[in-house]
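Peer 1: Can you keep this structure in mind? I'll have questions shortly.
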Amino acid sequence: MIEIKDVSRIFKDRKKTIAAVQHVTFSVKKGEVIGLLGENGAGKTTLLRMISTILEPSSGSILMDGINIHAEPMKVKARIGVLFGSETGLYDRLTAQENLMYFAKLYKLSNHEAKNRIEELATRFGIKEILDRKVEGFSKGMRQKVMIARTLLHDPDIILLDEPTTGLDITAANLFREVIRQLKREGKTIIFSSHIMEEVTALCESIVMIHKGELVFNGSLKQLYQEEESEDLNYIFMSRLVRGTRS
């Protein structure tokens with residue numbers, strides 16, 4: 001289980017202070033797929049960075065199976081797979097295969113494990129034919145597929161995805177959604193942000209909605225639909241942002 005307890009993150013510079021995340025509390029059970037919703041700048045990426053141990057909260061705590069992840073980050077890092085949509089995390093002068101092998105070594109996979117895992121993921125995401133090509137010539141969609149494969153290389157228990165289908169064509173996006181369903185069947189815990197409401201309703205039972213860094217809803221889609229007396233998630237999303245109502 002992941003427990004986010006009264007977490008805030010403040011950024012300061014010489015001119016101003018920005019409260020990117022403010023007193024957010026929610027939990028994610030093992031095997032859940034949680035949709036993280038919010039407009040651009042709402043704090044979604046900052047929140048995912050804190051859960052991934054990349055950023056420390058200014059206050060509050062994040063626990064993973066009872067372990068404070070910022071007090072003992074090395075105990076949880078190997079369990080987490082992360083994909084941030086704004087970053088490639090790939091080396092342009094290396095081939096896709098070389099990139100994946102490099103990250104496999106960072107995850108301490110043996111050569112045999114790495115080759116088998118890369119073969120499996122390359123087949124799953126349809127990138128076998130580009131494994132020996134340098135990344136610098138890849139389209140955005142091709143890069144995204146390699147980045148997703150990199151995220152799953154070490155078979156993590158917890159997967160954090162920031163706009164994972166950005167840049168993918170319809171076929172690849174649908175394939176990725178099926179991968180999410182398969183990962184859920186395997187008992188993986190997944191938190192992903194998305195602007196595609198159909199994607200959220202298709203993959204998630206529960207959502208976390210934030211607006212200007214504050215929690216405005218945390219619960220099941222069924223609960224949200226009952227509260228709003230509607231199943232139009234686009235409408236509900238915009239309405240909640242306008243109201244900024246805490247659940």
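Residues in the structure tokens are named by chain (A, B, ... in the order shown) and by number from 1 within that chain; ligands are numbered from 1 in the order shown.
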Would you return as a PyMOL selection string the members of range 124-217 of chain A that DSSP assigns to alpha helix (DSSP H) on this structure's backbone?
Peer 2: chain A and resi 124-125+140-152+170-185+197-203
Peer 1: Can you tell me which residues surround Gly43 in chain A at a distance of at most 6 Å, considering only C-alpha atoms, apart from same-chain residues fewer than 6 positions away, and format the answer as a PDB file with all heavy atoms, in the first residue's frame?
Peer 2:
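What landed in out25.pdb:
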ATOM      1  N   ALA A  20       3.111  24.064  -4.814  1.00  0.00           N
ATOM      2  CA  ALA A  20       2.762  23.168  -5.914  1.00  0.00           C
ATOM      3  C   ALA A  20       1.785  22.079  -5.491  1.00  0.00           C
ATOM      4  O   ALA A  20       0.915  21.671  -6.259  1.00  0.00           O
ATOM      5  CB  ALA A  20       4.028  22.530  -6.494  1.00  0.00           C
ATOM      6  N   VAL A  21       1.960  21.588  -4.267  1.00  0.00           N
ATOM      7  CA  VAL A  21       1.062  20.582  -3.690  1.00  0.00           C
ATOM      8  C   VAL A  21       0.773  21.001  -2.258  1.00  0.00           C
ATOM      9  O   VAL A  21       1.690  21.386  -1.519  1.00  0.00           O
ATOM     10  CB  VAL A  21       1.701  19.174  -3.713  1.00  0.00           C
ATOM     11  CG1 VAL A  21       0.824  18.164  -2.984  1.00  0.00           C
ATOM     12  CG2 VAL A  21       1.952  18.715  -5.143  1.00  0.00           C
ATOM     13  N   GLY A 213      -2.952  22.372  -6.700  1.00  0.00           N
ATOM     14  CA  GLY A 213      -2.206  21.704  -5.649  1.00  0.00           C
ATOM     15  C   GLY A 213      -3.032  21.100  -4.539  1.00  0.00           C
ATOM     16  O   GLY A 213      -2.492  20.428  -3.656  1.00  0.00           O
TER      17      GLY A 213
END
Peer 1: One decimal, in Å: what's the spacing between CA of Asp65 in chain A and CA of Ile158 in chain A?
Peer 2: 11.4 Å
Peer 1: Where does DSSP see strand (DSSP E) in range 26-231 of chain A, if you list the residues as a ChimeraX atom specification?
Peer 2: /A:26-28,33-37,59-64,67-68,80-84,158-162,189-193,206-211,214-220
Peer 1: Skipping near chain neighbours, those fewer than 4 positions away, what residues fall within 8 Å of Lys77 in chain A using only C-alpha atoms, listed as an MDAnalysis selection string?
Peer 2: chainID A and resid 52:53 73
Peer 1: Keeping N, CA and C atoms for every residue in the selection just given, could you write it to a file as a compact mmCIF listing (two decimals), in the first residue's frame?
Peer 2:
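Okay, this is what ended up in selection24.txt:
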# COMPACT_ATOMS: atom_id res chain seq x y z
N SER A 52 7.85 8.98 -6.30
CA SER A 52 8.96 8.23 -6.90
C SER A 52 10.28 8.42 -6.16
N THR A 53 10.31 9.27 -5.14
CA THR A 53 11.47 9.63 -4.31
C THR A 53 12.39 10.65 -4.97
N PRO A 73 14.97 5.74 1.13
CA PRO A 73 14.66 5.61 -0.31
C PRO A 73 15.21 4.36 -0.97
Peer 1: Could you check the closest approach to Ala19 in chain A for each of A:Gly126, A:Tyr107, A:Glu178, A:Ser58 and tell me which residue wins, using only C-alpha atoms?
Peer 2: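 Of A:Gly126, A:Tyr107, A:Glu178, A:Ser58, the one nearest Ala19 in chain A is A:Ser58, counting only C-alpha atoms.
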Peer 1: Just checking: using only C-alpha atoms, which residue out of A:Arg240, A:Lys29, A:Arg124, A:His23 ends up closest to Glu205 in chain A?
Peer 2: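 Among the listed residues, A:Lys29 lies closest to Glu205 in chain A.
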Peer 1: From the options A:Glu119, A:Glu32, A:Asp13, A:Glu113, which residue's atoms come nearest to Asp157 in chain A, counting only C-alpha atoms?
Peer 2: A:Glu32
Peer 1: Would you mind telling me which residue in A:Leu152, A:Leu241, A:Ile80, A:Met209 lies nearest to Phe103 in chain A when using only C-alpha atoms?
Peer 2: A:Leu152
Peer 1: Given the choices A:Val208, A:Leu131, A:Ile196, A:Ile236, which gets closest to Phe26 in chain A if the distance is worked out from only C-alpha atoms?
Peer 2: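 For Phe26 in chain A, the nearest of the given residues is A:Val208.
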Peer 1: Could you give me, as a list in words, the residues within 12 Å of Glu98 in chain A, counting only C-alpha atoms and dropping anything in the same chain fewer than 5 positions from it?
Peer 2: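 Answer for this query is Leu90, Tyr91, Asp92, Arg93, Phe103, Ala104, Lys105, Ala114, Lys115, Ile118, Ile130, Leu131, Asp132, Arg133, Lys134, Val135, Val146 and Arg150 of chain A.
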Peer 1: Save out the residues we just selected, N, CA and C atoms, as an mmCIF file, in the first residue's frame.
Peer 2:
data_model
loop_
_atom_site.group_PDB
_atom_site.id
_atom_site.type_symbol
_atom_site.label_atom_id
_atom_site.label_comp_id
_atom_site.auth_asym_id
_atom_site.auth_seq_id
_atom_site.Cartn_x
_atom_site.Cartn_y
_atom_site.Cartn_z
ATOM 1 N N LEU A 90 16.367 9.180 -22.489
ATOM 2 C CA LEU A 90 17.074 8.318 -23.427
ATOM 3 C C LEU A 90 18.287 9.056 -23.991
ATOM 4 N N TYR A 91 19.293 8.287 -24.398
ATOM 5 C CA TYR A 91 20.509 8.867 -24.961
ATOM 6 C C TYR A 91 20.455 8.756 -26.472
ATOM 7 N N ASP A 92 20.429 9.917 -27.127
ATOM 8 C CA ASP A 92 20.211 9.970 -28.575
ATOM 9 C C ASP A 92 21.265 9.220 -29.373
ATOM 10 N N ARG A 93 22.507 9.196 -28.902
ATOM 11 C CA ARG A 93 23.589 8.590 -29.685
ATOM 12 C C ARG A 93 23.660 7.072 -29.522
ATOM 13 N N PHE A 103 20.013 0.823 -18.956
ATOM 14 C CA PHE A 103 19.117 0.934 -17.813
ATOM 15 C C PHE A 103 18.950 -0.403 -17.107
ATOM 16 N N ALA A 104 19.005 -1.492 -17.858
ATOM 17 C CA ALA A 104 18.937 -2.822 -17.233
ATOM 18 C C ALA A 104 20.104 -3.021 -16.270
ATOM 19 N N LYS A 105 21.277 -2.529 -16.649
ATOM 20 C CA LYS A 105 22.446 -2.628 -15.768
ATOM 21 C C LYS A 105 22.245 -1.789 -14.506
ATOM 22 N N ALA A 114 18.469 -9.289 -18.792
ATOM 23 C CA ALA A 114 18.249 -8.078 -19.581
ATOM 24 C C ALA A 114 17.843 -8.405 -21.011
ATOM 25 N N LYS A 115 18.554 -9.333 -21.633
ATOM 26 C CA LYS A 115 18.240 -9.691 -23.020
ATOM 27 C C LYS A 115 16.841 -10.284 -23.140
ATOM 28 N N ILE A 118 14.256 -7.422 -22.535
ATOM 29 C CA ILE A 118 14.187 -6.509 -23.678
ATOM 30 C C ILE A 118 13.456 -7.168 -24.843
ATOM 31 N N ILE A 130 13.239 -1.618 -34.525
ATOM 32 C CA ILE A 130 13.997 -0.376 -34.314
ATOM 33 C C ILE A 130 15.032 -0.504 -33.209
ATOM 34 N N LEU A 131 15.208 -1.686 -32.650
ATOM 35 C CA LEU A 131 16.141 -1.860 -31.530
ATOM 36 C C LEU A 131 17.568 -1.465 -31.888
ATOM 37 N N ASP A 132 17.970 -1.687 -33.135
ATOM 38 C CA ASP A 132 19.354 -1.397 -33.532
ATOM 39 C C ASP A 132 19.519 -0.029 -34.173
ATOM 40 N N ARG A 133 18.479 0.794 -34.097
ATOM 41 C CA ARG A 133 18.572 2.147 -34.636
ATOM 42 C C ARG A 133 18.853 3.150 -33.520
ATOM 43 N N LYS A 134 19.616 4.215 -33.865
ATOM 44 C CA LYS A 134 19.905 5.250 -32.875
ATOM 45 C C LYS A 134 18.639 6.045 -32.555
ATOM 46 N N VAL A 135 18.494 6.381 -31.299
ATOM 47 C CA VAL A 135 17.292 7.053 -30.820
ATOM 48 C C VAL A 135 17.126 8.442 -31.427
ATOM 49 N N VAL A 146 9.821 3.174 -26.419
ATOM 50 C CA VAL A 146 11.078 2.745 -25.792
ATOM 51 C C VAL A 146 11.103 3.181 -24.329
ATOM 52 N N ARG A 150 11.502 0.886 -21.058
ATOM 53 C CA ARG A 150 12.504 1.182 -20.018
ATOM 54 C C ARG A 150 11.877 1.198 -18.632
#
Peer 1: Could you work out how far CA of Lys184 in chain A lies from CA of Arg79 in chain A, giving the answer in Å with one decimal?
Peer 2: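 That distance, rounded to one decimal, is 15.3 Å.
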Peer 1: Which neighbours of range 45-49 of chain A fall inside 8 Å, counting only C-alpha atoms, when residues of the same chain fewer than 6 positions from it are skipped, and could you give them as a PDB file with N, CA and C atoms, in the first residue's frame?
Peer 2:
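Generated file (around20.pdb):
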ATOM      1  N   ARG A   9       4.325  20.444  -1.034  1.00  0.00           N
ATOM      2  CA  ARG A   9       5.625  20.753  -1.638  1.00  0.00           C
ATOM      3  C   ARG A   9       5.634  22.218  -2.029  1.00  0.00           C
ATOM      4  N   ALA A  20       3.111  24.064  -4.814  1.00  0.00           N
ATOM      5  CA  ALA A  20       2.762  23.168  -5.914  1.00  0.00           C
ATOM      6  C   ALA A  20       1.785  22.079  -5.491  1.00  0.00           C
ATOM      7  N   VAL A  21       1.960  21.588  -4.267  1.00  0.00           N
ATOM      8  CA  VAL A  21       1.062  20.582  -3.690  1.00  0.00           C
ATOM      9  C   VAL A  21       0.773  21.001  -2.258  1.00  0.00           C
ATOM     10  N   LEU A  55      11.683  13.851  -5.568  1.00  0.00           N
ATOM     11  CA  LEU A  55      11.526  15.065  -4.763  1.00  0.00           C
ATOM     12  C   LEU A  55      11.131  14.683  -3.341  1.00  0.00           C
ATOM     13  N   PHE A  84       7.950   9.877 -16.896  1.00  0.00           N
ATOM     14  CA  PHE A  84       7.472  11.250 -16.935  1.00  0.00           C
ATOM     15  C   PHE A  84       7.396  11.709 -18.382  1.00  0.00           C
ATOM     16  N   LEU A 160       4.516   4.382 -11.918  1.00  0.00           N
ATOM     17  CA  LEU A 160       4.043   5.761 -11.942  1.00  0.00           C
ATOM     18  C   LEU A 160       4.186   6.293 -13.355  1.00  0.00           C
ATOM     19  N   ASP A 162       3.222   9.424 -16.065  1.00  0.00           N
ATOM     20  CA  ASP A 162       2.768  10.797 -16.286  1.00  0.00           C
ATOM     21  C   ASP A 162       2.450  10.960 -17.772  1.00  0.00           C
TER      22      ASP A 162
END
Peer 1: Nearest residue to Asp232 in chain A out of A:Glu120, A:Glu198, A:Glu214, A:Glu3, using only C-alpha atoms?
Peer 2: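 Closest to Asp232 in chain A, using only C-alpha atoms: A:Glu198.
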Peer 1: Work out how far apart CA of Glu136 in chain A and CA of Lys108 in chain A are and give it in Å to one decimal.
Peer 2: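 If I compute the distance from CA of Glu136 in chain A to CA of Lys108 in chain A, I get 25.8 Å.
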Peer 1: Would you list the contacts of Phe217 in chain A as a VMD selection string, taking every protein, DNA or RNA residue within 12 Å and counting only C-alpha atoms, but skipping same-chain residues closer than 3 positions in sequence?
Peer 2: chain A and resid 24 to 26 35 to 38 206 to 211 214 220 to 221 223 to 225 227 to 228 236 to 237 239 to 241 243 to 247
Peer 1: Write a file of the selected residues as a PDB file, in the first residue's frame, keeping C-alpha atoms.
Peer 2:
ATOM      1  CA  VAL A  24      -2.749  16.104  -0.001  1.00  0.00           C
ATOM      2  CA  THR A  25      -3.808  12.860   1.664  1.00  0.00           C
ATOM      3  CA  PHE A  26      -4.890   9.624   0.005  1.00  0.00           C
ATOM      4  CA  GLY A  35      -6.155   7.911 -12.276  1.00  0.00           C
ATOM      5  CA  LEU A  36      -4.572  11.244 -11.319  1.00  0.00           C
ATOM      6  CA  LEU A  37      -6.525  14.137 -12.808  1.00  0.00           C
ATOM      7  CA  GLY A  38      -5.875  17.855 -12.857  1.00  0.00           C
ATOM      8  CA  SER A 206     -10.765   5.145  -8.505  1.00  0.00           C
ATOM      9  CA  ILE A 207      -9.370   8.612  -9.164  1.00  0.00           C
ATOM     10  CA  VAL A 208      -7.542  11.388  -7.367  1.00  0.00           C
ATOM     11  CA  MET A 209      -8.367  14.882  -8.614  1.00  0.00           C
ATOM     12  CA  ILE A 210      -6.279  17.911  -7.699  1.00  0.00           C
ATOM     13  CA  HIS A 211      -6.698  21.598  -8.487  1.00  0.00           C
ATOM     14  CA  GLU A 214      -5.203  20.819  -3.485  1.00  0.00           C
ATOM     15  CA  SER A 220     -14.172   5.547  -6.725  1.00  0.00           C
ATOM     16  CA  LEU A 221     -15.643   6.588 -10.053  1.00  0.00           C
ATOM     17  CA  GLN A 223     -18.896   7.362  -5.835  1.00  0.00           C
ATOM     18  CA  LEU A 224     -18.074  10.389  -7.999  1.00  0.00           C
ATOM     19  CA  TYR A 225     -20.879   9.597 -10.436  1.00  0.00           C
ATOM     20  CA  GLU A 227     -22.257  12.572  -6.031  1.00  0.00           C
ATOM     21  CA  GLU A 228     -22.500  14.429  -9.335  1.00  0.00           C
ATOM     22  CA  ILE A 236     -17.582  16.478 -13.849  1.00  0.00           C
ATOM     23  CA  PHE A 237     -13.877  17.286 -14.161  1.00  0.00           C
ATOM     24  CA  SER A 239     -17.239  21.373 -12.793  1.00  0.00           C
ATOM     25  CA  ARG A 240     -15.032  20.208  -9.918  1.00  0.00           C
ATOM     26  CA  LEU A 241     -12.176  22.476 -11.012  1.00  0.00           C
ATOM     27  CA  ARG A 243     -15.895  24.689  -7.677  1.00  0.00           C
ATOM     28  CA  GLY A 244     -12.632  23.484  -6.132  1.00  0.00           C
ATOM     29  CA  THR A 245     -14.751  21.417  -3.765  1.00  0.00           C
ATOM     30  CA  ARG A 246     -13.108  18.986  -1.410  1.00  0.00           C
ATOM     31  CA  SER A 247     -14.722  15.568  -1.171  1.00  0.00           C
TER      32      SER A 247
END
Peer 1: Skip Asn68 in chain A itself and residues of its chain fewer than 5 positions away, then list as an MDAnalysis selection string all residues within 12 Å of it, counting only C-alpha atoms.
Peer 2: chainID A and resid 1:5 50:53 56:57 60:63 73:77
